[in-house]
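As provided, final-v5.txt (compact mmCIF, C-alpha atoms) reads as follows.
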```txt
# COMPACT_ATOMS: atom_id res chain seq x y z
CA MET A 1 107.42 90.35 53.49
CA LYS A 2 108.40 87.30 55.48
CA LEU A 3 107.26 87.11 59.07
CA ASN A 4 107.95 84.53 61.76
CA GLU A 5 104.30 83.49 61.73
CA ARG A 6 104.84 80.29 63.61
CA SER A 7 106.35 82.19 66.53
CA LEU A 8 103.54 84.68 66.26
CA ALA A 9 100.98 81.91 66.55
CA PHE A 10 102.73 80.52 69.61
CA TYR A 11 102.76 83.97 71.18
CA ALA A 12 99.02 84.13 70.54
CA THR A 13 98.27 80.86 72.28
CA CYS A 14 100.82 80.69 75.10
CA ASP A 15 99.43 80.30 78.58
CA THR A 16 100.47 83.62 80.05
CA PRO A 17 97.63 85.97 81.04
CA VAL A 18 96.25 88.05 78.19
CA ASP A 19 95.60 91.79 78.22
CA ASN A 20 92.04 91.42 77.00
CA SER A 21 89.92 88.79 75.31
CA GLY A 22 86.36 88.30 74.19
CA PHE A 23 84.01 87.94 71.26
CA LEU A 24 83.81 90.81 68.79
CA TYR A 25 82.14 91.20 65.44
CA LYS A 26 84.61 91.99 62.72
CA LYS A 27 83.59 93.56 59.44
CA GLY A 28 85.08 91.57 56.58
CA GLY A 29 85.66 94.44 54.18
CA ARG A 30 83.94 97.61 53.00
CA HIS A 31 80.71 95.95 51.98
CA ALA A 32 81.19 92.64 53.71
CA ALA A 33 79.24 91.15 56.57
CA TYR A 34 80.30 90.97 60.19
CA HIS A 35 81.88 87.78 61.45
CA ARG A 36 81.94 86.81 65.09
CA ARG A 37 85.48 86.07 66.14
CA TRP A 38 87.32 85.32 69.38
CA PHE A 39 89.78 88.15 69.97
CA VAL A 40 92.90 88.00 72.13
CA LEU A 41 94.99 91.09 72.91
CA ARG A 42 98.60 90.48 73.88
CA GLY A 43 101.01 93.36 74.01
CA ASN A 44 100.67 95.32 70.76
CA MET A 45 99.15 92.36 68.85
CA LEU A 46 95.43 91.77 68.42
CA PHE A 47 94.86 88.17 67.38
CA TYR A 48 91.55 86.78 66.18
CA PHE A 49 90.43 83.18 66.08
CA GLU A 50 87.60 81.37 64.39
CA ASP A 51 86.30 80.50 67.83
CA ARG A 52 87.49 80.24 71.40
CA ALA A 53 88.82 76.70 71.10
CA SER A 54 90.88 77.27 67.93
CA ARG A 55 94.56 76.49 68.24
CA GLU A 56 95.74 78.88 65.56
CA PRO A 57 94.66 82.44 64.90
CA VAL A 58 92.96 83.36 61.63
CA GLY A 59 94.88 86.59 61.66
CA VAL A 60 96.52 89.35 63.66
CA ILE A 61 96.24 93.14 63.67
CA ILE A 62 99.58 94.75 64.55
CA LEU A 63 98.48 97.74 66.59
CA GLU A 64 101.56 99.94 66.49
CA GLY A 65 100.68 103.42 65.24
CA CYS A 66 96.91 102.97 65.33
CA THR A 67 94.15 105.15 66.73
CA VAL A 68 90.96 103.77 68.23
CA GLU A 69 87.65 105.60 67.98
CA LEU A 70 83.92 105.08 68.22
CA VAL A 71 82.05 104.92 64.91
CA GLU A 72 78.53 105.07 63.62
CA ALA A 73 77.85 101.69 62.06
CA ALA A 74 75.04 99.28 61.32
CA GLU A 75 76.12 97.28 64.35
CA GLU A 76 75.65 98.60 67.87
CA PHE A 77 78.68 99.20 70.14
CA ALA A 78 80.98 99.62 67.15
CA PHE A 79 84.46 101.08 67.17
CA ALA A 80 87.28 101.34 64.66
CA VAL A 81 91.01 100.70 64.67
CA ARG A 82 92.49 103.17 62.19
CA PHE A 83 95.93 103.56 60.72
CA ALA A 84 97.53 106.54 58.99
CA GLY A 85 98.46 106.25 55.35
CA ALA A 86 96.91 106.48 51.92
CA ARG A 87 95.57 102.98 51.42
CA ALA A 88 95.54 101.96 55.06
CA ARG A 89 92.73 99.73 56.11
CA THR A 90 90.32 100.57 58.92
CA TYR A 91 89.18 97.67 61.06
CA VAL A 92 85.58 98.06 62.21
CA LEU A 93 84.73 95.97 65.23
CA ALA A 94 81.61 95.69 67.34
CA ALA A 95 81.25 94.52 70.91
CA GLU A 96 78.27 92.77 72.44
CA ASN A 97 77.51 95.43 75.04
CA GLN A 98 78.49 98.92 76.17
CA ALA A 99 80.87 97.79 78.93
CA ALA A 100 82.73 95.42 76.62
CA MET A 101 83.05 98.13 73.97
CA GLU A 102 84.48 100.62 76.50
CA GLY A 103 86.87 98.00 77.84
CA TRP A 104 88.17 97.22 74.37
CA VAL A 105 88.55 100.84 73.33
CA LYS A 106 90.58 101.58 76.47
CA ALA A 107 92.73 98.47 76.18
CA LEU A 108 93.47 98.93 72.48
CA SER A 109 94.31 102.62 72.72
CA ARG A 110 96.99 101.84 75.33
CA ALA A 111 98.36 98.77 73.62
CA SER A 112 101.25 100.23 71.65
CA PHE A 113 104.87 99.51 72.50
CA ASP A 114 105.61 103.22 72.12
CA TYR A 115 103.09 104.14 74.79
CA LEU A 116 104.45 101.51 77.18
CA ARG A 117 108.01 102.70 76.58
CA LEU A 118 107.00 106.29 77.41
CA VAL A 119 105.42 105.23 80.69
CA VAL A 120 108.44 103.09 81.61
CA ARG A 121 110.84 105.97 80.94
CA GLU A 122 108.73 108.30 83.04
CA LEU A 123 108.68 105.85 85.96
CA GLU A 124 112.41 105.24 85.59
CA GLN A 125 113.01 108.97 86.07
CA GLN A 126 110.60 109.14 88.97
CA LEU A 127 112.33 106.26 90.74
CA ALA A 128 115.74 107.85 90.21
CA ALA A 129 114.41 111.12 91.65
CA VAL A 130 112.88 109.36 94.64
CA ARG A 131 116.13 107.47 95.30
CA ALA A 132 118.23 110.61 94.96
CA GLY A 133 115.94 112.46 97.30
CA ASP A 134 116.28 109.68 99.83
CA CYS A 135 120.03 109.93 100.42
CA ALA A 136 120.79 113.61 99.83
CA PRO A 137 119.60 116.86 101.42
CA PRO A 138 116.55 118.39 99.72
CA PRO A 139 117.63 119.91 96.42
CA ARG A 140 117.39 123.67 95.87
CA ARG A 141 114.94 124.92 93.32
CA ALA A 142 116.48 124.83 89.88
CA PRO A 143 116.57 128.23 88.15
CA ALA A 144 113.82 128.68 85.57
CA LEU A 145 115.08 129.41 82.07
CA ALA A 146 113.78 132.59 80.49
CA PRO A 147 112.97 132.60 76.77
CA LYS A 148 116.08 132.79 74.64
CA GLU A 149 117.47 136.19 73.87
CA ASN A 150 120.00 136.54 71.08
CA GLY A 151 120.42 132.82 71.09
CA CYS A 152 121.33 132.59 74.76
CA ALA A 153 119.05 131.31 77.46
CA CYS A 154 119.20 133.58 80.48
CA ALA A 155 118.81 131.95 83.85
CA VAL A 156 116.23 133.64 86.04
CA TRP A 157 116.55 132.88 89.67
CA SER A 158 113.45 132.04 91.57
CA ALA A 159 112.10 134.98 93.61
CA GLU A 160 111.63 132.76 96.61
CA PRO A 161 114.50 132.33 99.07
CA PRO A 162 116.26 129.01 98.67
CA ALA A 163 114.90 126.19 100.75
CA PRO A 164 116.84 125.97 104.03
CA GLY A 165 119.13 123.01 103.80
CA PRO A 166 122.03 121.84 105.92
CA PRO A 167 124.99 124.26 106.17
CA PRO A 168 127.63 123.81 103.45
CA PRO A 169 130.47 121.49 104.45
CA LEU A 170 133.53 123.12 106.06
CA PRO A 171 136.57 123.46 103.78
CA PRO A 172 139.10 120.68 104.37
CA ARG A 173 141.83 121.53 106.85
CA ARG A 174 145.22 119.95 106.95
CA ARG A 175 145.47 118.27 110.32
CA VAL A 176 149.01 118.72 111.62
CA SER A 177 148.11 117.22 114.98
CA GLU A 178 146.28 113.96 115.54
CA PRO A 179 142.55 114.31 115.95
CA ASN A 180 142.50 111.99 118.93
CA GLY A 181 145.87 113.04 120.41
CA PRO A 182 146.59 114.53 123.84
CA LEU A 183 144.96 117.82 122.91
CA HIS A 184 141.68 116.16 122.14
CA ALA A 185 140.08 116.99 125.47
CA ALA A 186 142.09 120.18 126.16
CA SER A 187 140.65 123.62 126.77
CA PHE A 188 140.02 126.04 123.97
CA VAL A 189 142.88 128.34 125.03
CA ARG A 190 145.40 125.52 124.94
CA LEU A 191 144.11 124.36 121.56
CA HIS A 192 144.33 127.90 120.26
CA GLN A 193 147.93 128.21 121.38
CA GLN A 194 148.93 124.81 120.04
CA TYR A 195 147.40 125.33 116.62
CA GLY A 196 148.72 128.86 116.53
CA GLN A 197 152.29 127.61 116.93
CA GLU A 198 151.85 125.08 114.16
CA VAL A 199 150.44 127.66 111.82
CA ARG A 200 153.25 130.12 112.62
CA ALA A 201 155.84 127.47 111.80
CA LEU A 202 154.17 126.66 108.49
CA ARG A 203 153.93 130.31 107.60
CA SER A 204 157.58 131.08 108.33
CA ARG A 205 158.59 128.19 106.06
CA TRP A 206 156.36 129.55 103.37
CA LEU A 207 157.65 133.06 103.78
CA ARG A 208 161.27 131.93 103.56
CA SER A 209 160.54 130.13 100.31
CA ARG A 210 158.84 133.21 98.94
CA TYR A 211 161.76 135.37 100.07
CA LYS A 212 164.16 133.20 98.10
CA GLY A 213 161.94 133.50 95.08
CA LEU A 214 161.76 137.22 95.51
CA LEU A 215 165.56 137.58 95.60
CA LEU A 216 165.96 135.65 92.37
CA ASP A 217 163.24 137.44 90.43
CA SER A 218 163.91 140.75 88.72
CA LYS A 219 160.25 141.67 88.96
CA LYS A 220 160.18 141.06 92.69
CA ARG A 221 159.15 144.60 93.51
CA HIS A 222 155.86 144.05 91.76
CA ARG A 223 155.52 140.65 93.25
CA ALA A 224 156.45 141.97 96.69
CA ALA A 225 153.67 144.48 96.42
CA TRP A 226 151.28 141.82 95.31
CA VAL A 227 152.36 139.48 98.12
CA ALA A 228 151.97 142.24 100.65
CA GLN A 229 148.53 142.96 99.34
CA TRP A 230 147.62 139.30 99.43
CA PHE A 231 148.94 138.83 102.95
CA SER A 232 147.13 141.76 104.36
CA ALA A 233 143.96 140.52 102.74
CA ALA A 234 144.64 137.00 104.02
CA PHE A 235 145.21 138.08 107.57
CA SER A 236 142.29 140.41 107.95
CA PRO A 237 139.66 138.82 110.19
CA GLY A 238 137.08 136.62 108.50
CA CYS A 239 139.03 136.08 105.32
CA ASP A 240 140.07 132.64 104.09
CA PRO A 241 142.47 132.57 101.15
CA GLY A 242 141.70 128.90 100.74
CA ASP A 243 145.05 127.40 101.51
CA PRO A 244 144.48 125.20 104.56
CA GLY A 245 148.06 125.45 105.66
CA LEU A 246 147.93 129.17 105.80
CA SER A 247 144.45 129.97 106.98
CA PRO A 248 144.52 132.02 110.13
CA THR A 249 142.98 130.29 113.06
CA SER A 250 141.90 133.54 114.60
CA GLY A 251 141.70 137.13 113.65
CA SER A 252 143.66 140.18 114.40
CA LEU A 253 146.43 139.06 116.79
CA HIS A 254 147.96 136.50 114.49
CA GLY A 255 147.26 138.67 111.56
CA ALA A 256 149.22 141.47 113.07
CA CYS A 257 152.18 139.17 113.86
CA PHE A 258 152.40 137.88 110.36
CA SER A 259 151.96 141.24 108.75
CA LEU A 260 154.92 142.37 110.81
CA CYS A 261 157.00 139.37 109.71
CA LEU A 262 156.10 140.02 106.11
CA CYS A 263 157.01 143.68 106.27
CA LEU A 264 160.37 142.80 107.78
CA CYS A 265 161.05 140.24 105.06
CA LEU A 266 160.01 142.53 102.30
CA SER A 267 162.03 145.46 103.60
CA LEU A 268 165.06 143.16 103.77
CA CYS A 269 164.43 142.08 100.22
CA VAL A 270 164.08 145.60 98.89
CA SER A 271 167.19 146.87 100.69
CA HIS A 272 169.27 144.13 99.09
CA GLU A 273 168.57 145.22 95.53
CA MET B 1 97.91 83.83 59.23
CA ARG B 2 96.65 87.11 57.89
CA TYR B 3 98.32 90.27 59.05
CA ASN B 4 98.25 93.97 58.14
CA GLU B 5 101.33 93.97 55.95
CA LYS B 6 101.00 97.61 54.92
CA GLU B 7 101.17 98.71 58.55
CA LEU B 8 104.17 96.48 59.16
CA GLN B 9 105.91 98.03 56.14
CA ALA B 10 105.09 101.50 57.46
CA LEU B 11 106.53 100.46 60.83
CA SER B 12 109.77 99.40 59.12
CA ARG B 13 110.18 103.00 57.96
CA GLN B 14 109.89 104.45 61.48
CA PRO B 15 112.96 105.68 63.39
CA ALA B 16 114.92 102.69 64.64
CA GLU B 17 116.26 101.96 68.09
CA LEU B 18 119.28 100.44 66.36
CA ALA B 19 120.21 99.88 62.71
CA ALA B 20 123.31 98.45 61.07
CA GLU B 21 124.53 96.32 58.21
CA LEU B 22 125.15 92.85 59.59
CA GLY B 23 125.76 89.41 58.22
CA MET B 24 122.60 87.32 58.48
CA ARG B 25 121.94 83.63 58.02
CA GLY B 26 118.45 82.10 58.11
CA PRO B 27 117.45 79.05 60.17
CA LYS B 28 117.16 76.63 57.25
CA LYS B 29 119.91 74.12 56.74
CA GLY B 30 122.38 75.19 54.12
CA SER B 31 121.59 78.89 54.46
CA VAL B 32 124.32 81.21 53.36
CA LEU B 33 125.48 84.33 55.20
CA LYS B 34 124.15 87.46 53.46
CA ARG B 35 124.67 91.16 54.09
CA ARG B 36 121.49 92.71 55.36
CA LEU B 37 120.50 96.09 56.72
CA VAL B 38 119.05 95.13 60.08
CA LYS B 39 116.74 97.56 61.86
CA LEU B 40 115.19 97.32 65.33
CA VAL B 41 111.83 99.12 65.62
CA VAL B 42 109.74 98.57 68.76
CA ASN B 43 109.52 94.77 69.16
CA PHE B 44 110.23 93.95 65.52
CA LEU B 45 113.55 93.22 63.87
CA PHE B 46 113.38 94.11 60.16
CA TYR B 47 115.96 93.06 57.65
CA PHE B 48 116.47 94.63 54.22
CA ARG B 49 118.61 93.93 51.22
CA THR B 50 121.18 96.68 51.44
CA ASP B 51 119.86 98.62 48.45
CA GLU B 52 116.11 98.16 48.91
CA ALA B 53 113.50 100.26 50.68
CA GLU B 54 111.07 97.44 51.52
CA PRO B 55 112.14 94.84 54.06
CA VAL B 56 112.75 91.24 53.04
CA GLY B 57 111.27 90.16 56.34
CA ALA B 58 110.52 90.87 59.98
CA LEU B 59 110.91 88.98 63.25
CA LEU B 60 108.57 89.61 66.16
CA LEU B 61 110.86 89.57 69.20
CA GLU B 62 108.55 87.98 71.79
CA ARG B 63 109.40 84.75 73.59
CA CYS B 64 112.83 84.62 72.04
CA ARG B 65 116.32 83.98 73.32
CA ILE B 66 119.44 85.91 72.28
CA THR B 67 122.66 83.91 72.51
CA GLN B 68 126.22 84.93 71.80
CA GLU B 69 127.91 83.01 69.00
CA GLU B 70 131.67 83.11 68.61
CA PRO B 71 133.56 85.05 67.53
CA SER B 72 131.51 88.27 67.33
CA GLY B 73 127.99 87.24 66.49
CA PHE B 74 124.72 86.28 68.10
CA SER B 75 121.68 84.18 67.32
CA ILE B 76 117.96 84.56 67.92
CA CYS B 77 115.80 81.51 68.54
CA PHE B 78 112.18 81.20 69.62
CA MET B 79 110.79 79.30 72.55
CA GLU B 80 108.65 76.92 70.56
CA ASP B 81 111.60 75.67 68.49
CA PRO B 82 115.01 76.52 70.00
CA GLU B 83 116.89 74.64 67.26
CA ARG B 84 115.75 77.07 64.58
CA LYS B 85 118.25 79.89 64.87
CA TYR B 86 118.67 83.16 63.01
CA HIS B 87 122.38 83.97 62.98
CA PHE B 88 123.88 87.46 62.87
CA GLU B 89 127.49 88.45 62.36
CA CYS B 90 128.76 91.74 63.78
CA CYS B 91 131.96 93.54 62.91
CA SER B 92 133.17 93.78 66.51
CA GLU B 93 132.57 92.49 70.02
CA GLU B 94 131.22 95.92 71.04
CA GLN B 95 128.68 95.96 68.26
CA CYS B 96 127.65 92.43 69.20
CA GLN B 97 127.12 93.35 72.86
CA GLU B 98 125.22 96.47 71.86
CA TRP B 99 122.83 94.50 69.70
CA MET B 100 122.35 91.71 72.19
CA GLY B 101 121.47 94.19 74.94
CA ALA B 102 119.07 96.11 72.73
CA LEU B 103 117.32 92.97 71.47
CA ARG B 104 116.86 91.59 74.98
CA ARG B 105 115.18 94.83 76.04
CA ALA B 106 113.07 95.03 72.89
CA SER B 107 110.20 92.72 73.80
CA TYR B 108 106.85 94.03 74.99
CA GLU B 109 106.99 91.51 77.83
CA PHE B 110 110.35 92.86 79.03
CA MET B 111 108.98 96.44 78.97
CA ARG B 112 105.91 95.35 80.88
CA ARG B 113 108.00 93.70 83.59
CA SER B 114 110.16 96.84 83.86
CA LEU B 115 107.04 98.92 84.36
CA ILE B 116 105.73 96.61 87.06
CA PHE B 117 109.13 96.69 88.77
CA TYR B 118 109.35 100.51 88.79
CA ARG B 119 105.74 100.86 89.86
CA ASN B 120 106.36 98.50 92.75
CA GLU B 121 109.56 100.25 93.85
CA ILE B 122 108.03 103.71 93.72
CA GLN B 123 105.01 102.51 95.64
CA LYS B 124 107.25 100.97 98.32
CA MET B 125 109.30 104.14 98.69
CA THR B 126 106.57 106.77 98.49
CA GLY B 127 103.37 104.91 99.35
CA LYS B 128 101.82 106.25 96.15
CA ASP B 129 100.92 104.49 92.92
CA PRO B 130 102.72 106.33 90.11
CA LEU B 131 100.25 105.02 87.51
CA GLU B 132 97.39 106.99 89.03
CA GLN B 133 98.60 110.16 87.33
CA PHE B 134 98.13 108.42 83.97
CA GLY B 135 94.76 106.97 84.90
CA ILE B 136 95.95 103.45 84.15
CA SER B 137 96.37 101.99 87.61
CA GLU B 138 93.51 99.57 87.01
CA GLU B 139 94.72 98.32 83.62
CA ALA B 140 94.95 94.55 83.67
CA ARG B 141 98.24 94.62 81.80
CA PHE B 142 100.05 96.57 84.54
CA GLN B 143 98.98 94.71 87.62
CA LEU B 144 101.47 93.80 90.29
CA GLY B 145 101.02 90.23 91.24
CA ALA B 146 102.24 86.80 90.29
CA PRO B 147 105.05 86.94 87.73
CA ARG B 148 103.81 86.51 84.19
CA GLY B 149 105.09 83.69 82.04
CA GLY B 150 106.95 80.66 83.31
CA ASN B 151 110.37 80.15 81.84
CA ALA B 152 112.81 83.01 82.04
CA GLU B 153 114.05 81.90 78.64
CA CYS B 154 110.84 82.85 76.97
CA ILE B 155 111.24 86.52 77.76
CA GLY B 156 114.25 87.40 75.71
CA PHE B 157 116.99 86.52 78.21
CA SER B 158 119.68 84.07 77.39
```
Reformat the file's structure so that it appears as C-alpha cells.
Amino acid sequence: MKLNERSLAFYATCDTPVDNSGFLYKKGGRHAAYHRRWFVLRGNMLFYFEDRASREPVGVIILEGCTVELVEAAEEFAFAVRFAGARARTYVLAAENQAAMEGWVKALSRASFDYLRLVVRELEQQLAAVRAGDCAPPPRRAPALAPKENGCACAVWSAEPPAPGPPPPLPPRRRVSEPNGPLHAASFVRLHQQYGQEVRALRSRWLRSRYKGLLLDSKKRHRAAWVAQWFSAAFSPGCDPGDPGLSPTSGSLHGACFSLCLCLCLSLCVSHE
Amino acid sequence: MRYNEKELQALSRQPAELAAELGMRGPKKGSVLKRRLVKLVVNFLFYFRTDEAEPVGALLLERCRITQEEPSGFSICFMEDPERKYHFECCSEEQCQEWMGALRRASYEFMRRSLIFYRNEIQKMTGKDPLEQFGISEEARFQLGAPRGGNAECIGFS
C-alpha cells in the first residue's frame, strides 16, 4: 500500500509540541534483542528514531485500534501495544523507570483519533446544553422512558412535581386599541367598558355572518344547536375558546348579554324555515 | 519508513466517515485521472481500485491544505511541498463541498483544537473543567495555552 511517507516524516519532525517523547527500548521481533530508540508521540502516530538528533524516523506505529497493557518481560518497566487480528504484531516496549512507563501507558491508551472524537462530541453537547440553559428558563424534567411494551415505549412521568418555572406566556390578543393610546393610564372600569364595547361590536359582526350562513345551510338546525352549545361554553366564566377576537373580557355579565343575542338570532333563524 | 501495514489495512476496512467513487489524479506530472473508491477513516484517506478490497494507497491528513479546483473538484497538498497536489473530481458542487468540509475536519490537530476550544468555553461559562470527569485534565495534549502550530495552512484549512 502506498503511503505519503514524506508527509508523515515531516509531521514527525515539525516543531509543534509533541504529546510525549523519550527513550524506550523496543523489542525487534519475537526472539530479537531490545533496541534503544527515541520515541515521539504525535496524535495517533508513534514515531521512533535512531536517536534524538535524527532527522527522519526509522518507523512509525499507527495507534488506531490498539490496546496498551503491562507485560511480564525480560526487561523491567515493560508494556505492550497490541492490535486485534490474526497475524497482528504486538510491540513490546520498555521504559527506563516506573514513572516513564506509567506516563507512556497513559498517553498511548488515549492517543486514538476515535477516543478524541468521542470526547469532542461529548463536550460539544455539554457546551450546547450550557448555552441553552443560559438563555431559557430551566427545562422541566424529561419523562423517563419505560421498557418497551408491545413495541411501543411508554412514557412514565416523573413522580416529582415539575420544577417551578416562569408562568406560561399569555395567549396573543388582538389589540383593537393602541397600547399607548388615551386609555393607557385610565382606570380599570373605563378600560373594562371600552374593551367591552369593542368586543361586543366584533361579536355582533361575527354573529351576523354566522346567521347568514345558517340561513343558507339546510343543516342549520344542527349547526344552530352546535353554535348555541359552543357559545354557552364560550361565555361561561373562565373559559377561553381561543379566538382572541371573541374571548370574553369578563365573566357572567357579558356572557349573559351575548347568550341573549344568540338566542334571539337563532330563534329568528328557526322561525324563518 | 517502516509502518504497521496490516493495521493500516485493517483500518481501511473500518466504517468510513465518508466514502464515494471519485476521479483521482496523483501528484506526478503526466498523471491520468482514474476512478477510485475514496474512503475517509479517522485521519486517513484511503483510495481503492473500484473492484478491489485492499487499498491502493492511503494519505495521512495532517498538515495538509484542501483547495477547491474548478469546476467541481478539490485538491489536497501538504505543507512541506505545496506544489505536489492530489486532485479529486466530484460529480457535483454539493459533493465537492461535502468532501472538502469533511477532510478539513478530519485531522487529529483540528480535533484537538476543537476540544481545547470547547473545554475553554465550558470552563468560562460554568467555572468547571469538563475534562475532570474523564480524568484527563492533566494530559499534555489537551492543555489550554499558546496555540499549537504556526501557520494556519498547516492544519487542514485552505
Produce a table with one row for each residue of chain B that has an atom at most 6 Å from any atom of chain A, each row naming the nearest atom pair and its distance in Å at one decimal; use all atoms listed in the file; arrange rows by chain and rising residue number; format as CSV.
```
residue,atom,partner,partner_atom,distance
B:Met1,CA,A:Gly59,CA,4.8
B:Arg2,CA,A:Gly59,CA,4.2
B:Tyr3,CA,A:Val60,CA,5.0
B:Asn4,CA,A:Ile61,CA,5.9
B:Val56,CA,A:Met1,CA,5.4
B:Gly57,CA,A:Lys2,CA,4.1
B:Ala58,CA,A:Leu3,CA,5.1
B:Leu59,CA,A:Asn4,CA,5.5
B:Tyr108,CA,A:Gly43,CA,6.0
B:Leu115,CA,A:Val120,CA,5.2
B:Ile122,CA,A:Leu127,CA,5.8
B:Arg141,CA,A:Asp19,CA,5.3
B:Gly149,CA,A:Thr16,CA,5.0
```
Sel. within 6 Å of pt (110.0, 90.7, 68.2), counting all atoms listed in the file, output as a list in words: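 Residues satisfying the cut-off, written out: Asn43, Phe44, Leu59, Leu60, Leu61, Glu62 and Ser107 of chain B.
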Counting only C-alpha atoms, the residue of B:Tyr86, B:Trp99, B:Phe134, B:Phe78 that sits nearest Glu21 in chain B: B:Trp99
Point-to-point distance in Å for CA of Glu132 in chain B and CA of Ile116 in chain B: 13.5 Å
Within-8 Å shell of (123.9, 89.2, 73.8) in input frame, only C-alpha atoms, as a VMD selection string: chain B and resid 66 to 68 74 96 to 101 103 to 104 158
Point-to-point distance from CA of Glu69 in chain B to CA of Ala19 in chain B, Å rounded to tenths: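 Value for the CA of Glu69 in chain B-CA of Ala19 in chain B distance: 19.6 Å.
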Nearest candidate to Arg119 in chain B (options B:Cys77, B:Ala106, B:Ile136, B:Leu22; using only C-alpha atoms):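 Using only C-alpha atoms, the shortest distance to Arg119 in chain B belongs to B:Ile136.
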Where atoms are absent from range 97-112 of chain B, fill them in so it carries N, CA and C atoms, then output it as a JSON list (two decimals), in the frame of the given file.
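Contents of the output file result_17.json:
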```json
[["chain", "number", "residue", "atom", "x", "y", "z"],
["B", 97, "GLN", "N", 127.70, 93.14, 71.52],
["B", 97, "GLN", "CA", 127.12, 93.35, 72.86],
["B", 97, "GLN", "C", 126.01, 94.38, 72.81],
["B", 98, "GLU", "N", 126.22, 95.42, 72.00],
["B", 98, "GLU", "CA", 125.22, 96.47, 71.86],
["B", 98, "GLU", "C", 123.92, 95.90, 71.32],
["B", 99, "TRP", "N", 124.02, 95.09, 70.29],
["B", 99, "TRP", "CA", 122.83, 94.50, 69.70],
["B", 99, "TRP", "C", 122.14, 93.52, 70.64],
["B", 100, "MET", "N", 122.94, 92.70, 71.28],
["B", 100, "MET", "CA", 122.35, 91.71, 72.19],
["B", 100, "MET", "C", 121.56, 92.40, 73.30],
["B", 101, "GLY", "N", 122.16, 93.45, 73.88],
["B", 101, "GLY", "CA", 121.47, 94.19, 74.94],
["B", 101, "GLY", "C", 120.18, 94.81, 74.45],
["B", 102, "ALA", "N", 120.26, 95.45, 73.28],
["B", 102, "ALA", "CA", 119.07, 96.11, 72.73],
["B", 102, "ALA", "C", 117.96, 95.11, 72.41],
["B", 103, "LEU", "N", 118.33, 93.96, 71.85],
["B", 103, "LEU", "CA", 117.32, 92.97, 71.47],
["B", 103, "LEU", "C", 116.66, 92.36, 72.70],
["B", 104, "ARG", "N", 117.44, 92.16, 73.76],
["B", 104, "ARG", "CA", 116.86, 91.59, 74.98],
["B", 104, "ARG", "C", 115.86, 92.54, 75.62],
["B", 105, "ARG", "N", 116.09, 93.85, 75.45],
["B", 105, "ARG", "CA", 115.18, 94.83, 76.04],
["B", 105, "ARG", "C", 114.02, 95.16, 75.12],
["B", 106, "ALA", "N", 114.01, 94.58, 73.92],
["B", 106, "ALA", "CA", 113.07, 95.03, 72.89],
["B", 106, "ALA", "C", 111.69, 94.36, 72.97],
["B", 107, "SER", "N", 111.50, 93.39, 73.81],
["B", 107, "SER", "CA", 110.20, 92.72, 73.80],
["B", 107, "SER", "C", 109.19, 93.49, 74.64],
["B", 108, "TYR", "N", 107.94, 93.40, 74.24],
["B", 108, "TYR", "CA", 106.85, 94.03, 74.99],
["B", 108, "TYR", "C", 106.83, 93.45, 76.41],
["B", 109, "GLU", "N", 107.05, 92.17, 76.51],
["B", 109, "GLU", "CA", 106.99, 91.51, 77.83],
["B", 109, "GLU", "C", 108.07, 92.03, 78.76],
["B", 110, "PHE", "N", 109.27, 92.30, 78.22],
["B", 110, "PHE", "CA", 110.35, 92.86, 79.03],
["B", 110, "PHE", "C", 109.96, 94.25, 79.53],
["B", 111, "MET", "N", 109.42, 95.08, 78.61],
["B", 111, "MET", "CA", 108.98, 96.44, 78.97],
["B", 111, "MET", "C", 107.92, 96.39, 80.06],
["B", 112, "ARG", "N", 107.00, 95.46, 79.92],
["B", 112, "ARG", "CA", 105.91, 95.35, 80.88],
["B", 112, "ARG", "C", 106.47, 95.01, 82.26]]
```
